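*Asks:* Quick one, my_file-v6.pdb (PDB, C-alpha atoms):
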```pdb
ATOM      1  CA  MET A   1      10.552  15.716  25.381  1.00  0.00           C
ATOM      2  CA  ALA A   2       8.465  18.618  24.136  1.00  0.00           C
ATOM      3  CA  GLN A   3       5.294  17.547  22.394  1.00  0.00           C
ATOM      4  CA  ALA A   4       3.254  19.829  20.229  1.00  0.00           C
ATOM      5  CA  SER A   5      -0.186  19.057  18.931  1.00  0.00           C
ATOM      6  CA  SER A   6      -1.556  21.277  16.217  1.00  0.00           C
ATOM      7  CA  GLU A   7      -4.541  21.214  13.950  1.00  0.00           C
ATOM      8  CA  ILE A   8      -5.436  22.806  10.650  1.00  0.00           C
ATOM      9  CA  GLN A   9      -8.257  22.569   8.154  1.00  0.00           C
ATOM     10  CA  VAL A  10      -7.615  22.320   4.457  1.00  0.00           C
ATOM     11  CA  ALA A  11     -10.013  21.741   1.569  1.00  0.00           C
ATOM     12  CA  LEU A  12      -9.418  19.215  -1.184  1.00  0.00           C
ATOM     13  CA  PRO A  13      -9.361  20.762  -4.665  1.00  0.00           C
ATOM     14  CA  ALA A  14     -12.909  20.774  -6.044  1.00  0.00           C
ATOM     15  CA  THR A  15     -12.216  18.123  -8.676  1.00  0.00           C
ATOM     16  CA  VAL A  16      -9.957  15.777  -6.687  1.00  0.00           C
ATOM     17  CA  ALA A  17     -11.236  13.030  -4.398  1.00  0.00           C
ATOM     18  CA  LEU A  18      -8.931  11.533  -1.787  1.00  0.00           C
ATOM     19  CA  HIS A  19      -8.686   8.187  -3.579  1.00  0.00           C
ATOM     20  CA  ALA A  20      -6.122   6.084  -5.445  1.00  0.00           C
ATOM     21  CA  ARG A  21      -3.052   8.085  -6.403  1.00  0.00           C
ATOM     22  CA  PRO A  22      -4.014  11.331  -4.601  1.00  0.00           C
ATOM     23  CA  ALA A  23      -4.567   9.346  -1.391  1.00  0.00           C
ATOM     24  CA  ALA A  24      -1.198   7.639  -1.796  1.00  0.00           C
ATOM     25  CA  ASN A  25       0.527  10.998  -2.288  1.00  0.00           C
ATOM     26  CA  PHE A  26      -1.127  12.292   0.878  1.00  0.00           C
ATOM     27  CA  VAL A  27      -0.115   9.208   2.895  1.00  0.00           C
ATOM     28  CA  LYS A  28       3.459   9.304   1.593  1.00  0.00           C
ATOM     29  CA  THR A  29       3.755  12.940   2.629  1.00  0.00           C
ATOM     30  CA  ALA A  30       2.522  12.108   6.140  1.00  0.00           C
ATOM     31  CA  MET A  31       5.011   9.225   6.392  1.00  0.00           C
ATOM     32  CA  ARG A  32       7.940  11.638   6.004  1.00  0.00           C
ATOM     33  CA  PHE A  33       7.297  12.899   9.539  1.00  0.00           C
ATOM     34  CA  ARG A  34       7.665  11.316  12.935  1.00  0.00           C
ATOM     35  CA  SER A  35       4.541  12.946  14.368  1.00  0.00           C
ATOM     36  CA  ARG A  36       1.333  11.012  14.733  1.00  0.00           C
ATOM     37  CA  VAL A  37      -0.974  12.527  12.115  1.00  0.00           C
ATOM     38  CA  THR A  38      -4.710  12.047  11.806  1.00  0.00           C
ATOM     39  CA  VAL A  39      -7.200  13.246   9.235  1.00  0.00           C
ATOM     40  CA  ALA A  40     -10.863  13.769  10.085  1.00  0.00           C
ATOM     41  CA  VAL A  41     -13.663  14.071   7.543  1.00  0.00           C
ATOM     42  CA  ASN A  42     -17.413  14.078   8.148  1.00  0.00           C
ATOM     43  CA  GLY A  43     -17.036  12.647  11.632  1.00  0.00           C
ATOM     44  CA  LYS A  44     -14.644   9.885  10.528  1.00  0.00           C
ATOM     45  CA  LEU A  45     -11.067   9.794  11.767  1.00  0.00           C
ATOM     46  CA  ALA A  46      -8.130   8.083  10.042  1.00  0.00           C
ATOM     47  CA  ASP A  47      -4.425   7.571  10.596  1.00  0.00           C
ATOM     48  CA  ALA A  48      -2.942   9.764   7.862  1.00  0.00           C
ATOM     49  CA  LYS A  49      -0.109   7.248   7.384  1.00  0.00           C
ATOM     50  CA  SER A  50      -2.458   4.361   6.526  1.00  0.00           C
ATOM     51  CA  ILE A  51      -3.537   4.201   2.882  1.00  0.00           C
ATOM     52  CA  LEU A  52      -6.443   1.880   3.669  1.00  0.00           C
ATOM     53  CA  ALA A  53      -7.723   4.136   6.450  1.00  0.00           C
ATOM     54  CA  VAL A  54      -7.446   7.214   4.234  1.00  0.00           C
ATOM     55  CA  LEU A  55      -9.212   5.486   1.330  1.00  0.00           C
ATOM     56  CA  ALA A  56     -12.007   4.428   3.697  1.00  0.00           C
ATOM     57  CA  LEU A  57     -12.758   8.088   4.475  1.00  0.00           C
ATOM     58  CA  GLY A  58     -14.274   8.433   1.022  1.00  0.00           C
ATOM     59  CA  ALA A  59     -13.463  12.153   0.929  1.00  0.00           C
ATOM     60  CA  THR A  60     -14.762  13.751  -2.261  1.00  0.00           C
ATOM     61  CA  GLY A  61     -13.524  16.864  -4.076  1.00  0.00           C
ATOM     62  CA  GLY A  62     -13.943  20.105  -2.137  1.00  0.00           C
ATOM     63  CA  THR A  63     -14.275  18.341   1.216  1.00  0.00           C
ATOM     64  CA  VAL A  64     -12.617  20.059   4.169  1.00  0.00           C
ATOM     65  CA  LEU A  65     -10.062  17.829   5.902  1.00  0.00           C
ATOM     66  CA  ARG A  66      -9.194  18.416   9.547  1.00  0.00           C
ATOM     67  CA  LEU A  67      -5.558  17.479  10.036  1.00  0.00           C
ATOM     68  CA  ASN A  68      -4.091  16.953  13.478  1.00  0.00           C
ATOM     69  CA  ALA A  69      -0.411  16.323  14.132  1.00  0.00           C
ATOM     70  CA  ASP A  70       1.152  15.407  17.433  1.00  0.00           C
ATOM     71  CA  GLY A  71       4.923  15.326  17.856  1.00  0.00           C
ATOM     72  CA  GLU A  72       8.100  17.348  17.555  1.00  0.00           C
ATOM     73  CA  ASP A  73       7.747  17.919  13.828  1.00  0.00           C
ATOM     74  CA  ALA A  74       3.991  18.551  13.922  1.00  0.00           C
ATOM     75  CA  PRO A  75       4.100  22.093  12.436  1.00  0.00           C
ATOM     76  CA  ALA A  76       6.308  20.938   9.562  1.00  0.00           C
ATOM     77  CA  ALA A  77       4.061  17.937   8.944  1.00  0.00           C
ATOM     78  CA  LEU A  78       0.965  20.113   8.749  1.00  0.00           C
ATOM     79  CA  ASP A  79       2.695  22.605   6.442  1.00  0.00           C
ATOM     80  CA  ALA A  80       3.739  19.813   4.113  1.00  0.00           C
ATOM     81  CA  LEU A  81       0.322  18.141   4.153  1.00  0.00           C
ATOM     82  CA  SER A  82      -1.454  21.414   3.563  1.00  0.00           C
ATOM     83  CA  ALA A  83       0.702  22.072   0.496  1.00  0.00           C
ATOM     84  CA  CYS A  84       0.233  18.472  -0.626  1.00  0.00           C
ATOM     85  CA  VAL A  85      -3.566  18.636  -0.404  1.00  0.00           C
ATOM     86  CA  ALA A  86      -3.737  21.992  -2.177  1.00  0.00           C
ATOM     87  CA  GLY A  87      -1.594  20.631  -4.993  1.00  0.00           C
ATOM     88  CA  LEU A  88      -3.317  17.280  -5.497  1.00  0.00           C
ATOM     89  CA  THR A  89      -4.370  16.365  -9.012  1.00  0.00           C
ATOM     90  CA  GLU A  90      -6.221  13.350 -10.356  1.00  0.00           C
TER
ATOM     91  CA  MET B   1      12.258  -0.503  -3.075  1.00  0.00           C
ATOM     92  CA  VAL B   2      10.613  -3.650  -1.820  1.00  0.00           C
ATOM     93  CA  GLY B   3       9.042  -5.636  -4.671  1.00  0.00           C
ATOM     94  CA  ILE B   4       5.513  -7.001  -4.540  1.00  0.00           C
ATOM     95  CA  VAL B   5       4.390 -10.316  -6.086  1.00  0.00           C
ATOM     96  CA  LEU B   6       0.692 -11.149  -6.489  1.00  0.00           C
ATOM     97  CA  VAL B   7      -0.087 -14.850  -6.876  1.00  0.00           C
ATOM     98  CA  SER B   8      -3.579 -15.837  -7.984  1.00  0.00           C
ATOM     99  CA  HIS B   9      -5.302 -18.799  -9.598  1.00  0.00           C
ATOM    100  CA  SER B  10      -6.524 -16.288 -12.155  1.00  0.00           C
ATOM    101  CA  TYR B  11      -4.385 -14.474 -14.715  1.00  0.00           C
ATOM    102  CA  GLU B  12      -6.944 -11.653 -14.822  1.00  0.00           C
ATOM    103  CA  LEU B  13      -7.112 -11.288 -11.043  1.00  0.00           C
ATOM    104  CA  ALA B  14      -3.323 -11.134 -10.622  1.00  0.00           C
ATOM    105  CA  HIS B  15      -2.843  -8.718 -13.526  1.00  0.00           C
ATOM    106  CA  GLY B  16      -5.835  -6.539 -12.638  1.00  0.00           C
ATOM    107  CA  LEU B  17      -4.708  -6.156  -9.045  1.00  0.00           C
ATOM    108  CA  ALA B  18      -1.149  -5.394 -10.159  1.00  0.00           C
ATOM    109  CA  ALA B  19      -2.509  -2.627 -12.411  1.00  0.00           C
ATOM    110  CA  LEU B  20      -4.600  -1.205  -9.567  1.00  0.00           C
ATOM    111  CA  ALA B  21      -1.732  -1.289  -7.065  1.00  0.00           C
ATOM    112  CA  SER B  22       0.598   0.378  -9.578  1.00  0.00           C
ATOM    113  CA  GLN B  23      -1.923   3.094 -10.290  1.00  0.00           C
ATOM    114  CA  VAL B  24      -2.358   3.862  -6.590  1.00  0.00           C
ATOM    115  CA  ALA B  25       1.275   3.567  -5.492  1.00  0.00           C
ATOM    116  CA  GLY B  26       2.996   4.726  -8.673  1.00  0.00           C
ATOM    117  CA  ASP B  27       4.993   2.997 -11.375  1.00  0.00           C
ATOM    118  CA  GLU B  28       8.274   3.077  -9.465  1.00  0.00           C
ATOM    119  CA  VAL B  29       7.265   0.101  -7.316  1.00  0.00           C
ATOM    120  CA  ARG B  30       7.681  -3.284  -8.967  1.00  0.00           C
ATOM    121  CA  VAL B  31       4.332  -5.049  -8.630  1.00  0.00           C
ATOM    122  CA  GLU B  32       4.539  -8.350 -10.496  1.00  0.00           C
ATOM    123  CA  PRO B  33       1.587 -10.676 -11.175  1.00  0.00           C
ATOM    124  CA  ALA B  34       1.785 -14.476 -11.307  1.00  0.00           C
ATOM    125  CA  GLY B  35      -1.579 -15.952 -12.172  1.00  0.00           C
ATOM    126  CA  GLY B  36      -3.184 -18.744 -14.140  1.00  0.00           C
ATOM    127  CA  ALA B  37      -1.951 -21.993 -15.616  1.00  0.00           C
ATOM    128  CA  PRO B  38       0.135 -22.058 -18.828  1.00  0.00           C
ATOM    129  CA  ASP B  39      -2.834 -23.327 -20.861  1.00  0.00           C
ATOM    130  CA  GLY B  40      -4.965 -20.351 -19.866  1.00  0.00           C
ATOM    131  CA  THR B  41      -7.018 -22.157 -17.248  1.00  0.00           C
ATOM    132  CA  LEU B  42      -7.130 -21.357 -13.557  1.00  0.00           C
ATOM    133  CA  GLY B  43      -4.092 -22.425 -11.559  1.00  0.00           C
ATOM    134  CA  THR B  44      -0.717 -21.414 -10.232  1.00  0.00           C
ATOM    135  CA  THR B  45       2.721 -22.663 -11.179  1.00  0.00           C
ATOM    136  CA  GLY B  46       5.990 -22.471  -9.315  1.00  0.00           C
ATOM    137  CA  ASP B  47       7.731 -21.303 -12.485  1.00  0.00           C
ATOM    138  CA  ALA B  48       5.443 -18.304 -12.873  1.00  0.00           C
ATOM    139  CA  VAL B  49       5.915 -17.363  -9.227  1.00  0.00           C
ATOM    140  CA  ARG B  50       9.691 -17.769  -9.483  1.00  0.00           C
ATOM    141  CA  ASP B  51       9.797 -15.505 -12.550  1.00  0.00           C
ATOM    142  CA  ALA B  52       7.620 -12.893 -10.876  1.00  0.00           C
ATOM    143  CA  ILE B  53       9.849 -12.877  -7.793  1.00  0.00           C
ATOM    144  CA  SER B  54      12.913 -12.391 -10.012  1.00  0.00           C
ATOM    145  CA  ARG B  55      11.272  -9.448 -11.782  1.00  0.00           C
ATOM    146  CA  ALA B  56      10.150  -7.863  -8.508  1.00  0.00           C
ATOM    147  CA  ASP B  57      13.445  -8.273  -6.676  1.00  0.00           C
ATOM    148  CA  CYS B  58      15.716  -5.250  -6.762  1.00  0.00           C
ATOM    149  CA  GLY B  59      17.713  -6.284  -3.721  1.00  0.00           C
ATOM    150  CA  GLN B  60      15.617  -4.862  -0.918  1.00  0.00           C
ATOM    151  CA  GLY B  61      13.296  -7.790  -0.503  1.00  0.00           C
ATOM    152  CA  VAL B  62      10.031  -9.041  -1.947  1.00  0.00           C
ATOM    153  CA  VAL B  63       6.621  -9.365  -0.310  1.00  0.00           C
ATOM    154  CA  VAL B  64       4.452 -12.127  -1.802  1.00  0.00           C
ATOM    155  CA  LEU B  65       0.664 -12.177  -1.470  1.00  0.00           C
ATOM    156  CA  ALA B  66      -1.409 -15.162  -2.550  1.00  0.00           C
ATOM    157  CA  ASP B  67      -5.156 -15.365  -3.098  1.00  0.00           C
ATOM    158  CA  LEU B  68      -6.256 -18.747  -1.693  1.00  0.00           C
ATOM    159  CA  GLY B  69      -5.360 -22.331  -0.867  1.00  0.00           C
ATOM    160  CA  SER B  70      -3.076 -23.874  -3.440  1.00  0.00           C
ATOM    161  CA  SER B  71      -1.630 -20.499  -4.458  1.00  0.00           C
ATOM    162  CA  VAL B  72      -0.320 -20.283  -0.916  1.00  0.00           C
ATOM    163  CA  LEU B  73       1.001 -23.832  -1.101  1.00  0.00           C
ATOM    164  CA  THR B  74       2.764 -23.131  -4.401  1.00  0.00           C
ATOM    165  CA  VAL B  75       4.601 -20.177  -2.859  1.00  0.00           C
ATOM    166  CA  ARG B  76       5.453 -22.008   0.343  1.00  0.00           C
ATOM    167  CA  HIS B  77       6.819 -24.949  -1.591  1.00  0.00           C
ATOM    168  CA  LEU B  78       8.977 -22.639  -3.684  1.00  0.00           C
ATOM    169  CA  LEU B  79      10.333 -20.799  -0.645  1.00  0.00           C
ATOM    170  CA  GLU B  80      11.127 -24.070   1.100  1.00  0.00           C
ATOM    171  CA  GLU B  81      13.201 -25.078  -1.908  1.00  0.00           C
ATOM    172  CA  GLY B  82      15.646 -22.367  -0.898  1.00  0.00           C
ATOM    173  CA  ARG B  83      14.650 -19.490  -3.102  1.00  0.00           C
ATOM    174  CA  GLY B  84      13.581 -17.671   0.037  1.00  0.00           C
ATOM    175  CA  ASN B  85      16.784 -16.690   1.782  1.00  0.00           C
ATOM    176  CA  GLY B  86      15.013 -14.377   4.192  1.00  0.00           C
ATOM    177  CA  HIS B  87      14.368 -11.502   1.858  1.00  0.00           C
ATOM    178  CA  ILE B  88      11.366 -13.122   0.166  1.00  0.00           C
ATOM    179  CA  ARG B  89       8.391 -12.910   2.528  1.00  0.00           C
ATOM    180  CA  LEU B  90       5.025 -14.618   2.041  1.00  0.00           C
ATOM    181  CA  VAL B  91       2.484 -12.607   4.047  1.00  0.00           C
ATOM    182  CA  ASP B  92      -0.848 -13.754   5.452  1.00  0.00           C
ATOM    183  CA  ALA B  93      -2.943 -10.842   4.242  1.00  0.00           C
ATOM    184  CA  PRO B  94      -6.147  -9.986   2.386  1.00  0.00           C
ATOM    185  CA  PHE B  95      -5.283 -10.002  -1.310  1.00  0.00           C
ATOM    186  CA  VAL B  96      -6.588  -6.616  -2.488  1.00  0.00           C
ATOM    187  CA  GLU B  97      -6.120  -4.482   0.607  1.00  0.00           C
ATOM    188  CA  GLY B  98      -2.809  -6.117   1.439  1.00  0.00           C
ATOM    189  CA  ALA B  99      -1.451  -5.466  -2.045  1.00  0.00           C
ATOM    190  CA  ILE B 100      -2.460  -1.797  -1.963  1.00  0.00           C
ATOM    191  CA  ALA B 101      -1.062  -1.257   1.531  1.00  0.00           C
ATOM    192  CA  ALA B 102       2.211  -3.007   0.666  1.00  0.00           C
ATOM    193  CA  ALA B 103       2.658  -1.153  -2.617  1.00  0.00           C
ATOM    194  CA  VAL B 104       2.115   2.258  -1.014  1.00  0.00           C
ATOM    195  CA  MET B 105       4.468   1.458   1.878  1.00  0.00           C
ATOM    196  CA  SER B 106       7.113   0.313  -0.581  1.00  0.00           C
ATOM    197  CA  SER B 107       6.707   3.428  -2.707  1.00  0.00           C
ATOM    198  CA  ALA B 108       7.284   5.499   0.442  1.00  0.00           C
ATOM    199  CA  GLY B 109      10.666   3.796   0.812  1.00  0.00           C
ATOM    200  CA  GLN B 110       9.802   1.577   3.784  1.00  0.00           C
ATOM    201  CA  VAL B 111      11.847  -1.551   4.517  1.00  0.00           C
ATOM    202  CA  LEU B 112      10.722  -5.168   3.995  1.00  0.00           C
ATOM    203  CA  GLU B 113       9.647  -5.621   7.616  1.00  0.00           C
ATOM    204  CA  ASP B 114       7.363  -2.579   7.524  1.00  0.00           C
ATOM    205  CA  VAL B 115       5.938  -3.362   4.078  1.00  0.00           C
ATOM    206  CA  ALA B 116       5.112  -6.920   5.204  1.00  0.00           C
ATOM    207  CA  ARG B 117       3.518  -5.679   8.412  1.00  0.00           C
ATOM    208  CA  ALA B 118       1.357  -3.152   6.534  1.00  0.00           C
ATOM    209  CA  ALA B 119       0.067  -5.939   4.299  1.00  0.00           C
ATOM    210  CA  GLU B 120      -0.795  -8.137   7.273  1.00  0.00           C
ATOM    211  CA  GLU B 121      -2.412  -5.292   9.194  1.00  0.00           C
ATOM    212  CA  ALA B 122      -4.735  -4.736   6.239  1.00  0.00           C
ATOM    213  CA  ARG B 123      -6.780  -7.574   7.700  1.00  0.00           C
ATOM    214  CA  GLY B 124      -8.123  -5.183  10.337  1.00  0.00           C
ATOM    215  CA  ALA B 125      -8.968  -2.301   8.006  1.00  0.00           C
ATOM    216  CA  SER B 126     -12.587  -1.337   7.412  1.00  0.00           C
ATOM    217  CA  LYS B 127     -13.645  -0.466   3.882  1.00  0.00           C
ATOM    218  CA  PHE B 128     -15.866   2.393   5.052  1.00  0.00           C
TER
END
```
Just give me the structure of the file as structure tokens.
*Replies:*
Amino acid sequence: MAQASSEIQVALPATVALHARPAANFVKTAMRFRSRVTVAVNGKLADAKSILAVLALGATGGTVLRLNADGEDAPAALDALSACVAGLTE
Amino acid sequence: MVGIVLVSHSYELAHGLAALASQVAGDEVRVEPAGGAPDGTLGTTGDAVRDAISRADCGQGVVVLADLGSSVLTVRHLLEEGRGNGHIRLVDAPFVEGAIAAAVMSSAGQVLEDVARAAEEARGASKF
């Protein structure tokens, strides 16, 4: 089976931290895909499909997230997550 | 969606956590609190838990989290009475983290098995 791993960087909107509802929206977007997806911030790495892991990142507004997806639908997952992050509101 | 029931000795704890879980996961998930004794003191009653399960149940199962000790016993006793026909699941999970994890998994449309597992896996999650 072909596996593709891709990575992108995307910044959180300046006024939106990756907490509570925004974090849940991010996690729910990641869960729509089969790929393994991780999010790295400030040297910390989290499973993008785990709300508790994402909350523990403590990513504040404007922070750059490094998203890595590994699997057949990796490009689609990263596209969707990139759009999700850019559109997050409090 | 899978319903979530939060059983605590404290009315405030159960209701506060339900509000938090709903804010994180969204209003579409049924997160129902059952906390405190009828006279306003600390305690749990089978009736309150039964009512909360009924409110949370929309046919796809219910995950029940309890805070400590006799809250757990109250739920177990109720489930042994036959209310739990397999689709009501008491999980051994940290109360706050388990509730948040379960509510988000449910809101993402996951099935009972996966929602219950997410709650139990919350035990291993670091806060920072």
*Asks:* Find the distance between atom CA of Gly124 of chain B and atom CA of Asp27 of chain B and write it in Å to one decimal.
*Replies:* 26.7 Å
*Asks:* Return the single residue from A:Ala4, A:Ala46, A:Val37, A:Ala56 that is closest to chain B, with distances computed using only C-alpha atoms.
*Replies:*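 Among A:Ala4, A:Ala46, A:Val37, A:Ala56, it is A:Ala56 that comes nearest to chain B.
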*Asks:* Residues near Arg123 of chain B, anyone? I mean within 9 Å using all atoms listed in the file, not counting same-chain ones fewer than 6 positions away, as a ChimeraX atom specification.
*Replies:* /B:92-94,97-98
*Asks:* Please evaluate the ChimeraX specification (/B :<6) & /A against the displayed coordinates and give the resulting residues as a PyMOL selection string.
*Replies:* chain A and resi 20-21+28+56
*Asks:* Determine the residue membership of the PyMOL selection byres ((chain A and resi 79) around 12) for the file above and supply it as a VMD selection string.
*Replies:* chain A and resid 6 to 10 29 to 30 33 67 to 69 73 to 78 80 to 86
